[in-house]
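S.K.: So that we are looking at the same thing, I have put the structure below in structure tokens.
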Amino acid sequence: MSATLPSLQRARPASGRGQADWDALARAGSRRRAIGQGLLMAFLVTVSVPILLPYFWMFTISVSARTGGVESAVLWRSIGILVPAVLALGFLNLLTEPGIRRLYAAAGIVVVAGTTLAWAIGPDLHLQNWAFLRDPNFVENLSGRGAGTVEAQFPSVWTAFGNSLMLAGVQTFLVLSVATLAGYYLSRFDFQGRASFLQALLVLHAFPAMTLIIPIFLLMHWTGLLDTITGVILVIATLELPFAVFIMKGFFDAVPWDIEMQALVDGASRRRAFLEVVFPQVKVGLLAVGVFSFIRGWEEYVFVRTLLFDKQNWTMSLYIFWVSDDIMGVDYGVVAAVGVFYVAPSILLYVFCQKYLVQMSLGGIKG
Amino acid sequence: MATTDPSSAAARRQLANMALFLGPATVLLFMFFIAPVVVDVFVAFTDMGRSLEVTEFTTANFERMLTNDSRIGPTMAVTFTYVLLTLGIFNVTFGLLLALATTAVPERSGAFFRAIWLLPRMSPSVVYALLWAWMIGPTDRGLINQVAVGWLGLEPIDVLSNQPMLLIVLANGFIGASMGMIIFTSAIRAIPEHLFHAARVDGAGPLAVTWHITLPALRWPLSFITVYQTLSLLVSFEYIWLITNGGPFYDTMVFALYVYKRAFENGQYAYGAALSLILVAIGIAASLFMWRLLDMQRLLQTPRIEVQ
């Protein structure tokens, strides 16, 4: 119930029932509203905890687990400290006025929580699980494994990291340039077959490319692109393309016609008007599509698993898959550390570019 | 711009522009969307095996598909259950709940919770699957069992062996719900504010406002999400492959994963191509249906500058 309802009615001449009733109603209304908001927040927190908890657990394992075990005491101890601290900060935010005293109180809570945390879990923390960053033969060096087990030999994590970076980066560049050109043309030019081209593109956008994985594999085999990163880049970029073209067309549609018309009147060609006048107006669109394509290329698994075999061509997804496949029972700490290392770029990019990503309302390939 | 033959010069320029702007996209789309469909149909009528060589043209694949493959029925049944449960519980219902809840709380908190729910979609699938493997670990080390055994005093729960269907529905649903959430949120945002004010002045409570104002405005997004997500759930197998690998036995073997395994694990490429024709047909039908759902008029409005 909105708090504006009683105040609206109070504006009318006071009836025989008196003023006090309206104030009571207003209080009851805002109480009901507070309870409703509290329940909604409780619901959202409850359903969101199962999502966050595993990520947090992976992080604590990566900095605390020792070979042969999964460390979970660190997880529960740090949750026991962090949850009250976050709750206290939340209540402080709700119940006090903004100002220097609130800042001091918040700093106090953070310091107390930090000290308790350092005391409670500090001795358990270590960085041994991150040895994979330096030593490509880390699997052989784990205790309980003899050196020289052939199947345990992995490429350096930096090879996989570089491959993933190249795959995601080049793919993003390809998607951006091709989709910008096509999106601009579809937005601004009238040509024969424009309607059918757009319709075909829309059908392709909805069409699930995963169903074509067998013929794509065969095409790669026949063209000699199988087991090359170039081949995977071309495939993934194309699958992203219908979606990216639509988004870019939408951003071009939003650029006012007048600036372009002005450039044409001033004697610029269509190409020059595109490059110098319209193109700078769609930077947000480029950023949105770029971030989305990059995250998509960075996380790709099914196509790289199907189209790449050589260890030197492994991406991060294949690297972590085979590492976990090989040493999961022996050393959770290393697997968790690789996981954190792999997931961090995605999450950082997502957190920092979130406001651009939400500008694309129609998206997403996964179920 | 004076030329001797303006019409042919303009036509040439138009062609050059078209090749420059539309050419790259057309070539790529043709290579990896159109050509694969043709190749798939072609290979489905051959006997291509592990050697990737074609020795004869045959309809044996289709005969086998229709008469001699006892796996197709069960995998279809698994697919149907999986799609229905995931879509009904998570992608539509829970997505809607999340959108309603996050738009009813203050904007910053709402955005925060939506960001949390998008996290699984943004993280690499292998890592996401790994997290599930750790969640459901059957010994008392798994996160669920730490709570169930350590706090509630229950027997250790082995989700993977006992409730594999529940597992893949949950794992895909946690990702699937976020798509509906995003679409529904932007649809709710687009409802004119004065409708809510008018309803409240008329004495409608929050539930009545949701029922009479918000939900009717979501009719189109709801049908879009239902069709779109049905299609992606039908054909995607990534998370199932990573988390249960179709097991135990064939309990979570959805059709798309079965097709993939026939081709790439058993080396029966021709038979896999024939099987995936079913998926391609479903895909084409559903995308044509979705094309009718979308607002084509707005999309197709012709541009206004006619200078080439």
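Labels for the structure tokens follow display order: chains A, B, ..., residues from 1 in each chain, ligands from 1.
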If you count only C-alpha atoms, which residues fall within 10 Å of Val157 of chain A, apart from same-chain ones fewer than 6 positions away, as a list in words?
M.R.: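 These residues fall inside the cut-off: Phe132, Leu133, Arg134, Asp135, Pro136, Asn163, Trp314, Thr315, Met316, Tyr319, Ile320, Val338 and Phe341 of chain A.
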S.K.: From the DSSP assignment of the backbone, select every residue of segment 138-329 of chain A that is alpha helix (DSSP H), and format the answer as a PyMOL selection string.
M.R.: chain A and resi 138-141+157-188+194-206+213-223+229-253+257-265+270-273+283-299+302-307+316-327
S.K.: Taking into account only C-alpha atoms, which residue in the set B:Pro36, B:Gly203, B:Gly272, B:Gly176 is nearest to Ile89 of chain B?
M.R.: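 Comparing B:Pro36, B:Gly203, B:Gly272, B:Gly176 against Ile89 of chain B, the winner is B:Gly176.
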S.K.: Quick one, how far is atom CA of Pro54 of chain A from atom CA of Leu117 of chain A?
M.R.: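 Taking atom CA of Pro54 of chain A as the start and atom CA of Leu117 of chain A as the end point, the length is 19.4 Å.
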S.K.: When distances are computed from only C-alpha atoms, which of A:Leu87, A:Leu204, A:Val289, A:Ile229 shows the smallest separation from chain B?
M.R.: A:Leu204
